[in-house]
Each structure stands twice: as C-alpha cells, then as structure tokens.
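Undergrad: My file is coords-v2.pdb. It has PDB, C-alpha atoms:
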```pdb
ATOM      1  CA  MET A 507      88.158 114.547 117.994
ATOM      2  CA  THR A 508      89.097 117.747 116.230
ATOM      3  CA  PRO A 509      92.031 117.339 113.890
ATOM      4  CA  VAL A 510      95.045 119.381 114.870
ATOM      5  CA  ALA A 511      96.514 119.200 111.398
ATOM      6  CA  THR A 512      95.370 122.124 109.347
ATOM      7  CA  PRO A 513      95.727 122.301 105.546
ATOM      8  CA  PHE A 514      98.706 124.575 106.026
ATOM      9  CA  PHE A 515     100.632 121.776 107.710
ATOM     10  CA  PHE A 516      99.800 119.384 104.906
ATOM     11  CA  TYR A 517     101.029 121.744 102.206
ATOM     12  CA  PHE A 518     104.113 122.701 104.183
ATOM     13  CA  ILE A 519     105.164 119.112 104.927
ATOM     14  CA  SER A 520     104.442 118.001 101.366
ATOM     15  CA  ALA A 521     106.483 120.881  99.969
ATOM     16  CA  VAL A 522     109.387 119.992 102.245
ATOM     17  CA  ALA A 523     109.196 116.340 101.174
ATOM     18  CA  ILE A 524     109.021 117.054  97.454
ATOM     19  CA  LEU A 525     111.675 119.776  97.456
ATOM     20  CA  SER A 526     114.159 117.690  99.395
ATOM     21  CA  ALA A 527     113.439 114.740  97.110
ATOM     22  CA  LEU A 528     114.335 116.989  94.169
ATOM     23  CA  VAL A 529     117.491 118.056  96.003
ATOM     24  CA  MET A 530     118.280 114.388  96.499
ATOM     25  CA  ILE A 531     118.305 113.530  92.811
ATOM     26  CA  THR A 532     120.221 116.653  91.779
ATOM     27  CA  LYS A 533     123.128 116.733  94.227
ATOM     28  CA  VAL A 534     126.531 115.520  93.078
ATOM     29  CA  ASN A 535     127.756 114.413  96.475
ATOM     30  CA  PRO A 536     125.931 111.293  97.680
ATOM     31  CA  VAL A 537     126.289 112.390 101.295
ATOM     32  CA  HIS A 538     124.234 115.477 100.550
ATOM     33  CA  SER A 539     121.740 113.254  98.763
ATOM     34  CA  ALA A 540     121.484 111.022 101.819
ATOM     35  CA  LEU A 541     120.874 113.999 104.085
ATOM     36  CA  ALA A 542     118.159 115.282 101.737
ATOM     37  CA  LEU A 543     116.598 111.828 101.738
ATOM     38  CA  ILE A 544     116.545 111.890 105.542
ATOM     39  CA  VAL A 545     114.601 115.169 105.377
ATOM     40  CA  THR A 546     112.173 113.611 102.885
ATOM     41  CA  LEU A 547     111.601 110.564 105.052
ATOM     42  CA  LEU A 548     111.065 112.674 108.165
ATOM     43  CA  ALA A 549     108.521 114.768 106.268
ATOM     44  CA  SER A 550     106.810 111.540 105.191
ATOM     45  CA  ALA A 551     106.680 110.569 108.855
ATOM     46  CA  GLY A 552     104.890 113.861 109.475
ATOM     47  CA  LEU A 553     102.383 112.961 106.772
ATOM     48  CA  TYR A 554     101.886 109.564 108.411
ATOM     49  CA  LEU A 555     101.122 111.317 111.675
ATOM     50  CA  MET A 556      98.537 113.429 109.865
ATOM     51  CA  LEU A 557      97.026 110.188 108.548
ATOM     52  CA  TYR A 558      96.570 108.910 112.117
ATOM     53  CA  ALA A 559      99.266 106.264 111.845
ATOM     54  CA  PRO A 560     101.657 107.070 114.687
ATOM     55  CA  PHE A 561     103.122 103.566 114.812
ATOM     56  CA  MET A 562     104.172 103.704 111.173
ATOM     57  CA  ALA A 563     105.543 107.198 111.728
ATOM     58  CA  GLY A 564     107.758 105.854 114.497
ATOM     59  CA  VAL A 565     108.809 102.914 112.341
ATOM     60  CA  GLN A 566     109.614 105.325 109.523
ATOM     61  CA  ILE A 567     111.841 107.470 111.706
ATOM     62  CA  ILE A 568     113.580 104.591 113.481
ATOM     63  CA  LEU A 569     113.962 102.183 110.584
ATOM     64  CA  TYR A 570     114.341 104.385 107.515
ATOM     65  CA  ALA A 571     115.914 107.554 108.831
ATOM     66  CA  GLY A 572     117.745 105.878 111.683
ATOM     67  CA  GLY A 573     118.716 102.508 110.253
ATOM     68  CA  ILE A 574     118.805 102.407 106.489
ATOM     69  CA  LEU A 575     120.214 105.886 105.978
ATOM     70  CA  VAL A 576     122.978 105.296 108.519
ATOM     71  CA  MET A 577     123.823 102.129 106.579
ATOM     72  CA  PHE A 578     123.967 104.166 103.369
ATOM     73  CA  LEU A 579     126.316 106.668 104.991
ATOM     74  CA  PHE A 580     128.570 103.861 106.201
ATOM     75  CA  VAL A 581     128.729 102.373 102.723
ATOM     76  CA  MET A 582     129.603 105.785 101.299
ATOM     77  CA  MET A 583     132.488 105.843 103.727
ATOM     78  CA  LEU A 584     133.694 102.515 102.309
ATOM     79  CA  VAL A 585     133.505 103.477  98.635
ATOM     80  CA  ASN A 586     135.446 106.520  97.573
ATOM     81  CA  ILE A 587     133.448 109.401  96.180
ATOM     82  CA  GLU A 588     136.101 111.960  95.275
ATOM     83  CA  HIS A 589     136.184 111.012  91.620
ATOM     84  CA  LEU A 590     132.506 111.820  91.284
ATOM     85  CA  TYR A 591     133.298 115.510  91.125
ATOM     86  CA  VAL A 592     135.263 115.176  87.931
ATOM     87  CA  GLU A 593     132.857 112.803  86.238
ATOM     88  CA  LYS A 594     129.465 113.448  84.833
ATOM     89  CA  MET A 595     126.690 113.138  87.391
ATOM     90  CA  MET A 596     123.884 112.064  85.099
ATOM     91  CA  ASN A 597     123.849 109.736  82.150
ATOM     92  CA  ARG A 598     122.216 110.594  78.854
ATOM     93  CA  GLN A 599     118.810 109.179  79.635
ATOM     94  CA  TRP A 600     116.935 112.374  80.377
ATOM     95  CA  VAL A 601     114.576 111.772  77.478
ATOM     96  CA  ILE A 602     113.736 108.261  78.603
ATOM     97  CA  ALA A 603     113.315 109.409  82.183
ATOM     98  CA  LEU A 604     111.033 112.277  81.256
ATOM     99  CA  LEU A 605     109.041 110.048  78.939
ATOM    100  CA  ALA A 606     108.627 107.332  81.581
ATOM    101  CA  ALA A 607     107.706 109.882  84.241
ATOM    102  CA  LEU A 608     105.195 111.577  81.962
ATOM    103  CA  VAL A 609     103.543 108.333  80.910
ATOM    104  CA  LEU A 610     103.391 107.002  84.445
ATOM    105  CA  GLY A 611     102.279 110.371  85.792
ATOM    106  CA  PHE A 612      99.421 110.664  83.334
ATOM    107  CA  LEU A 613      98.468 107.082  84.104
ATOM    108  CA  MET A 614      98.389 107.860  87.814
ATOM    109  CA  LEU A 615      96.450 111.074  87.257
ATOM    110  CA  GLY A 616      93.915 109.255  85.143
ATOM    111  CA  ALA A 617      93.562 106.485  87.686
ATOM    112  CA  LEU A 618      93.132 108.979  90.511
ATOM    113  CA  TYR A 619      90.525 111.087  88.788
ATOM    114  CA  LYS A 620      88.649 108.134  87.320
ATOM    115  CA  GLY A 621      88.749 106.210  90.564
ATOM    116  CA  ALA A 622      88.137 109.056  92.981
ATOM    117  CA  PRO A 623      84.308 108.895  92.828
ATOM    118  CA  SER A 624      84.329 105.205  93.673
ATOM    119  CA  LEU A 625      86.323 105.675  96.863
ATOM    120  CA  PRO A 626      84.414 105.444 100.134
ATOM    121  CA  GLN A 627      83.304 108.889 101.140
ATOM    122  CA  GLN A 628      83.572 108.709 104.862
ATOM    123  CA  ILE A 629      87.026 108.703 106.367
ATOM    124  CA  VAL A 630      87.560 106.728 109.539
ATOM    125  CA  ASN A 631      90.356 108.164 111.594
ATOM    126  CA  HIS A 632      91.642 105.333 113.710
ATOM    127  CA  PRO A 633      92.164 106.334 117.334
ATOM    128  CA  GLU A 634      95.786 107.196 117.858
ATOM    129  CA  GLY A 635      96.099 106.012 121.444
ATOM    130  CA  THR A 636      95.458 102.362 120.625
ATOM    131  CA  ASN A 637      97.069 102.304 117.181
ATOM    132  CA  SER A 638     100.078 100.212 118.154
ATOM    133  CA  GLN A 639      97.866  97.864 120.132
ATOM    134  CA  GLU A 640      95.523  97.308 117.188
ATOM    135  CA  ILE A 641      98.415  96.655 114.802
ATOM    136  CA  GLY A 642      99.828  94.206 117.318
ATOM    137  CA  MET A 643      96.463  92.466 117.551
ATOM    138  CA  LEU A 644      96.338  92.211 113.766
ATOM    139  CA  LEU A 645      99.824  90.723 113.749
ATOM    140  CA  TYR A 646      99.736  88.359 116.708
ATOM    141  CA  GLY A 647      96.223  88.310 118.108
ATOM    142  CA  PRO A 648      94.596  84.958 118.908
ATOM    143  CA  GLN A 649      91.368  85.804 117.092
ATOM    144  CA  THR A 650      92.368  88.606 114.750
ATOM    145  CA  GLY A 651      95.917  87.600 113.936
ATOM    146  CA  TYR A 652      95.553  87.582 110.183
ATOM    147  CA  TYR A 653      99.204  88.320 109.609
ATOM    148  CA  MET A 654     100.961  85.777 111.785
ATOM    149  CA  PHE A 655     102.259  83.736 108.848
ATOM    150  CA  PRO A 656     103.359  86.731 106.728
ATOM    151  CA  PHE A 657     105.139  88.030 109.798
ATOM    152  CA  GLU A 658     107.080  84.786 110.084
ATOM    153  CA  ILE A 659     107.941  84.985 106.394
ATOM    154  CA  ALA A 660     109.150  88.544 106.891
ATOM    155  CA  SER A 661     111.385  87.459 109.771
ATOM    156  CA  LEU A 662     112.797  84.668 107.610
ATOM    157  CA  LEU A 663     113.411  87.228 104.871
ATOM    158  CA  MET A 664     115.338  89.387 107.338
ATOM    159  CA  LEU A 665     117.447  86.397 108.374
ATOM    160  CA  VAL A 666     118.246  85.556 104.762
ATOM    161  CA  ALA A 667     119.081  89.224 104.100
ATOM    162  CA  VAL A 668     121.498  89.337 107.037
ATOM    163  CA  VAL A 669     123.250  86.156 105.913
ATOM    164  CA  GLY A 670     123.290  87.340 102.304
ATOM    165  CA  ALA A 671     124.715  90.744 103.169
ATOM    166  CA  VAL A 672     127.514  89.180 105.229
ATOM    167  CA  VAL A 673     128.328  86.673 102.493
ATOM    168  CA  MET A 674     128.360  89.376  99.818
ATOM    169  CA  ALA A 675     130.466  91.872 101.712
ATOM    170  CA  LYS A 676     132.909  89.352 103.115
ATOM    171  CA  ARG A 677     136.442  89.706 101.821
ATOM    172  CA  ARG A 678     137.026  86.161 100.643
ATOM    173  CA  VAL A 679     134.217  83.790  99.750
TER     174      VAL A 679
ATOM    175  CA  MET B 676      90.493 126.810 102.782
ATOM    176  CA  LEU B 677      90.322 123.576 100.893
ATOM    177  CA  GLN B 678      89.775 120.476 102.947
ATOM    178  CA  ILE B 679      92.617 117.955 102.726
ATOM    179  CA  GLY B 680      91.235 114.703 101.384
ATOM    180  CA  THR B 681      92.435 111.379 100.165
ATOM    181  CA  LEU B 682      93.432 112.647  96.729
ATOM    182  CA  HIS B 683      95.907 115.131  98.137
ATOM    183  CA  TYR B 684      97.866 112.421  99.899
ATOM    184  CA  LEU B 685      97.731 110.188  96.844
ATOM    185  CA  MET B 686      99.071 113.012  94.702
ATOM    186  CA  VAL B 687     101.988 113.568  97.063
ATOM    187  CA  GLY B 688     102.728 109.852  96.971
ATOM    188  CA  ALA B 689     102.605 109.829  93.168
ATOM    189  CA  ILE B 690     104.926 112.842  92.912
ATOM    190  CA  LEU B 691     107.468 111.297  95.275
ATOM    191  CA  PHE B 692     107.297 108.027  93.331
ATOM    192  CA  LEU B 693     107.898 109.814  90.029
ATOM    193  CA  ILE B 694     110.856 111.749  91.447
ATOM    194  CA  GLY B 695     112.326 108.453  92.609
ATOM    195  CA  LEU B 696     111.735 106.963  89.163
ATOM    196  CA  ILE B 697     113.500 109.839  87.417
ATOM    197  CA  GLY B 698     116.398 109.492  89.843
ATOM    198  CA  VAL B 699     116.689 105.760  89.210
ATOM    199  CA  ILE B 700     116.794 106.261  85.457
ATOM    200  CA  THR B 701     119.079 109.260  85.248
ATOM    201  CA  ARG B 702     121.665 108.983  88.007
ATOM    202  CA  ARG B 703     124.902 107.065  87.515
ATOM    203  CA  ASN B 704     125.895 106.449  91.117
ATOM    204  CA  VAL B 705     124.672 103.127  92.511
ATOM    205  CA  VAL B 706     124.247 104.453  96.043
ATOM    206  CA  ILE B 707     121.912 107.193  94.862
ATOM    207  CA  ILE B 708     119.974 104.678  92.793
ATOM    208  CA  PHE B 709     119.425 102.647  95.952
ATOM    209  CA  MET B 710     118.301 105.763  97.776
ATOM    210  CA  CYS B 711     115.811 106.513  95.004
ATOM    211  CA  ILE B 712     114.402 103.006  95.377
ATOM    212  CA  GLU B 713     113.950 103.646  99.087
ATOM    213  CA  LEU B 714     112.122 106.845  98.222
ATOM    214  CA  MET B 715     109.784 104.963  95.899
ATOM    215  CA  LEU B 716     109.021 102.373  98.576
ATOM    216  CA  SER B 717     108.295 105.150 101.037
ATOM    217  CA  ALA B 718     105.903 106.751  98.548
ATOM    218  CA  VAL B 719     104.059 103.443  98.237
ATOM    219  CA  ASN B 720     103.830 103.355 102.022
ATOM    220  CA  LEU B 721     102.205 106.769 101.962
ATOM    221  CA  ASN B 722      99.565 105.466  99.556
ATOM    222  CA  LEU B 723      98.894 102.425 101.730
ATOM    223  CA  LEU B 724      98.463 104.548 104.831
ATOM    224  CA  THR B 725      96.115 106.845 102.951
ATOM    225  CA  PHE B 726      93.954 103.913 101.979
ATOM    226  CA  SER B 727      94.082 102.523 105.496
ATOM    227  CA  ARG B 728      91.934 105.495 106.487
ATOM    228  CA  LEU B 729      89.264 104.264 104.097
ATOM    229  CA  TYR B 730      89.449 100.504 104.325
ATOM    230  CA  GLY B 731      90.546  99.710 107.848
ATOM    231  CA  LEU B 732      93.811  99.119 109.588
ATOM    232  CA  HIS B 733      95.188  96.440 107.284
ATOM    233  CA  GLY B 734      96.984  98.993 105.140
ATOM    234  CA  GLN B 735      99.179  99.941 108.062
ATOM    235  CA  VAL B 736     100.224  96.319 108.529
ATOM    236  CA  PHE B 737     101.042  96.140 104.826
ATOM    237  CA  ALA B 738     103.116  99.294 105.169
ATOM    238  CA  LEU B 739     104.982  97.648 108.033
ATOM    239  CA  PHE B 740     105.821  94.673 105.815
ATOM    240  CA  ILE B 741     107.017  96.998 103.059
ATOM    241  CA  ALA B 742     109.301  98.728 105.546
ATOM    242  CA  ALA B 743     110.762  95.348 106.518
ATOM    243  CA  ASP B 744     111.256  94.528 102.842
ATOM    244  CA  ALA B 745     112.996  97.850 102.282
ATOM    245  CA  ALA B 746     115.415  97.129 105.104
ATOM    246  CA  ALA B 747     116.227  93.654 103.761
ATOM    247  CA  GLU B 748     116.646  94.964 100.241
ATOM    248  CA  ALA B 749     118.954  97.754 101.364
ATOM    249  CA  ALA B 750     121.117  95.325 103.347
ATOM    250  CA  VAL B 751     121.550  92.878 100.468
ATOM    251  CA  GLY B 752     121.936  95.646  97.899
ATOM    252  CA  LEU B 753     124.647  97.408  99.835
ATOM    253  CA  GLY B 754     126.432  94.081 100.346
ATOM    254  CA  ILE B 755     126.388  93.556  96.579
ATOM    255  CA  LEU B 756     127.593  97.133  96.132
ATOM    256  CA  ILE B 757     130.582  96.590  98.421
ATOM    257  CA  ALA B 758     131.507  93.349  96.633
ATOM    258  CA  PHE B 759     131.178  95.100  93.282
ATOM    259  CA  PHE B 760     133.284  98.043  94.372
ATOM    260  CA  ARG B 761     135.985  95.674  95.588
ATOM    261  CA  ASN B 762     136.126  93.962  92.201
ATOM    262  CA  ARG B 763     135.821  96.942  89.870
ATOM    263  CA  THR B 764     136.705  99.978  92.055
ATOM    264  CA  THR B 765     133.808 101.981  90.710
ATOM    265  CA  VAL B 766     130.267 102.753  91.771
ATOM    266  CA  ASN B 767     129.289 103.932  88.338
ATOM    267  CA  MET B 768     126.335 102.142  86.850
ATOM    268  CA  ASP B 769     127.331 102.882  83.251
ATOM    269  CA  GLU B 770     130.455 100.777  83.639
ATOM    270  CA  VAL B 771     128.456  97.716  84.649
ATOM    271  CA  ASP B 772     128.141  96.369  81.151
ATOM    272  CA  LEU B 773     129.413  92.819  81.450
ATOM    273  CA  LEU B 774     126.173  91.487  80.007
ATOM    274  CA  LYS B 775     126.221  93.899  77.082
ATOM    275  CA  GLY B 776     126.617  92.030  73.826
TER     276      GLY B 776
END
```
Rewrite the coordinates I just gave you, this time as structure tokens.
TA:
Amino acid sequence: MTPVATPFFFYFISAVAILSALVMITKVNPVHSALALIVTLLASAGLYLMLYAPFMAGVQIILYAGGILVMFLFVMMLVNIEHLYVEKMMNRQWVIALLAALVLGFLMLGALYKGAPSLPQQIVNHPEGTNSQEIGMLLYGPQTGYYMFPFEIASLLMLVAVVGAVVMAKRRV
Amino acid sequence: MLQIGTLHYLMVGAILFLIGLIGVITRRNVVIIFMCIELMLSAVNLNLLTFSRLYGLHGQVFALFIAADAAAEAAVGLGILIAFFRNRTTVNMDEVDLLKG
C-alpha cells in the first residue's frame, strides 16, 4: 500500500491547524474563535486520516466539529457578548502563561528527544477498510472485547452528563 | 524530502496542547477557556493516534473514550456556564472570585 499522503500534506495540514489555533486564542469575538476552532479540529481530522485512523477522523468531524462546536455557538447565543468589545480581552497573566508554556514545552521536547530512540522503529499502518470493524471488535467482540466495561462506564458518564447539564441549566432548581 | 515520522505528529500535538494551555491561562472569557480545553483534549487524541501506529489499535479506542469524555465535559461545563451567567450576568473569569479571601 503506497501512502497517498506526501510530506507536503502533513506540513500544510499542520500549519492550518496551528495557525487557526493561534487565531482562536487571539480573537476578541468568541464566535470567530469557535469558527477557528472548527478549522483546527477539521485539520486534526485530516491528520487522523494520515495516521490511518478513518473512524476517529469521522468521530472527530461529527462529534467535535458537528456536536460540541454547535453547542458552543448556541451557548454564545444565550450569553451576551457585546460588552466584550469594550473590555479587555486578556488578563494580566502573560508572564505566567509564557512561563508555563516554556517549561512544559521544554519538558515535552526533552521527553520526545530522549524517548525517541526507544520507540519501536517499524510503523504498522492498520488497514483502513476494516478500521471501524476492528475498533468494534475491540469494543464489543466476544473474544477480543477488552473495552466492554469501560464502554459501559462511558455510557453511564454520558447519562450523568445529560442529567447534570439539564439540572444546571434549568431555570429553577 | 524528509520522511514524516512519529516525532512530527507528536510535535504537532505538543504545539496544539501548548497553544491551548496559553489560551486557558490568558483569556478571560469562559466560553473560550472551554474551547481551549477542547483543543487540548484533541491534541492528546492526536498523540494517542500516533502511538496507535506503533503499539496496535488500542490507542484508537482510547481516543474514542477521550472524545466521549470531551462531549460530557462540554455539556456539563456549558450547563454550569449558563447557570453562572444567569446569576451574575457575566462570562468573565476574573469576576469569579467568591472563594478569594
């Protein structure tokens, strides 16, 4: 199987993701930030496709870009955002943010370059055609269903989240 | 041209995570802070999928669980945000200082 994704695509998609993430944290209007975040998440879905994970790419587009971001836009409709233009956008924590990012970034760089030689050298690209089927077998399979119980816990978590969101956002408790 | 390996994807994930971290610390709007948290979770997903190429398909299942967690967290967080906005009529994080001594 010859990979279709050339290095150019990787650099292009990564640049789109990182630039729109930067746009997201620098825009005053939260609607613009949400739209930039949609672009970032779609670019991440492209990276997932390049990593031979088409199921997760679909989940990313449907759940993040389609579900969560639409919920964010609805909430922005409920809270008023006009006063944001006359207030300051950032607080005075640039120093702390830069410090935290630098420390964490150097930590990550060190971990990557120290740990890179110990990674397995050969890369197994899972076949794309049966990706969803294999994930389903890992989740529910009779022999290979390692994740049946975590899946049930996740569904319970979703139920609790739905109930909690309704209780929180209800007008009178 | 340089071959795209594991480290490239991990670097992109780290950069996205750090951008989300800076956004969480510096922004004042709660909605944007939530969006930055989503960005950080998505960056973690990218790392997991990168490692699933090396260690088998389990990383993709983990990424699926993280996506479910992100959805639950966003739902509850936005519910809290609506309740908070109804009480205080602001979405500004700097004015949430009830616990400040």
Undergrad: Quick one: residues within 10 Å of Leu682 in chain B, all atoms listed in the file, excluding same-chain residues fewer than 5 positions away - as a PyMOL selection string?
TA: (chain A and resi 618-619+622+625) or (chain B and resi 687-688+722+725)
Undergrad: So which one's closest to Ile574 in chain A, B:Thr701, B:Ala758, B:Ala738, B:Ala746? Using all atoms listed in the file, please.
TA: B:Ala746
Undergrad: Specify as number ranges by chain each residue included when the PyMOL selection byres ((chain A) within 6 of (chain B)) is applied to this file.
TA: A: 531, 596-597, 599, 603, 607, 629-631, 664, 667, 671, 674-675
Undergrad: As a PDB file with C-alpha atoms, keeping the file's coordinate frame, please: the residues near Val537 in chain A (cut-off 9 Å, all atoms listed in the file, same-chain neighbours under 6 positions excluded).
TA:
```pdb
ATOM      1  CA  PHE A 578     123.967 104.166 103.369  1.00  0.00           C
ATOM      2  CA  LEU A 579     126.316 106.668 104.991  1.00  0.00           C
ATOM      3  CA  MET A 582     129.603 105.785 101.299  1.00  0.00           C
TER       4      MET A 582
END
```
Undergrad: To test your reading of the syntax: which residues would the PyMOL selection byres ((chain A and resi 540-552) around 7) return for the file shown? Reply as a compact mmCIF listing (two decimals) with C-alpha atoms, in the frame of the given file.
TA:
```txt
# COMPACT_ATOMS: atom_id res chain seq x y z
CA ILE A 519 105.16 119.11 104.93
CA VAL A 522 109.39 119.99 102.24
CA ALA A 523 109.20 116.34 101.17
CA SER A 526 114.16 117.69 99.40
CA ALA A 527 113.44 114.74 97.11
CA VAL A 529 117.49 118.06 96.00
CA MET A 530 118.28 114.39 96.50
CA PRO A 536 125.93 111.29 97.68
CA VAL A 537 126.29 112.39 101.30
CA HIS A 538 124.23 115.48 100.55
CA SER A 539 121.74 113.25 98.76
CA LEU A 553 102.38 112.96 106.77
CA TYR A 554 101.89 109.56 108.41
CA LEU A 555 101.12 111.32 111.68
CA MET A 556 98.54 113.43 109.86
CA ALA A 563 105.54 107.20 111.73
CA GLN A 566 109.61 105.32 109.52
CA ILE A 567 111.84 107.47 111.71
CA ALA A 571 115.91 107.55 108.83
CA LEU A 575 120.21 105.89 105.98
```
Undergrad: Between A:Gly611, A:Pro633, A:Pro623, A:Gly573, which residue has the minimum interatomic distance to Leu557 in chain A, considering all atoms listed in the file?
TA: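 Ranked by minimum distance to Leu557 in chain A, first place goes to A:Pro633.
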Undergrad: To one decimal place in Å, what is the distance between CA of Ile659 in chain A and CA of Gly564 in chain A?
TA: 22.4 Å
Undergrad: So how many Å separate CA of Ile641 in chain A and CA of Leu569 in chain A, to one decimal?
TA: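 CA of Leu569 in chain A lies at a distance of 17.0 Å from CA of Ile641 in chain A.
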Undergrad: Interatomic distance between CA of Ser661 in chain A and CA of Pro560 in chain A?
TA: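 Separating CA of Ser661 in chain A from CA of Pro560 in chain A is a distance of 22.4 Å.
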Undergrad: Can you sort out the box for range 766-773 of chain B, edges along x, y and z, all listed atoms in, 4 Å on every side, with centre and edge lengths in Å to one decimal, as AutoDock Vina command-line options?
TA:
```
--center_x 128.4 --center_y 98.4 --center_z 86.5 --size_x 12.1 --size_y 19.1 --size_z 18.6
```
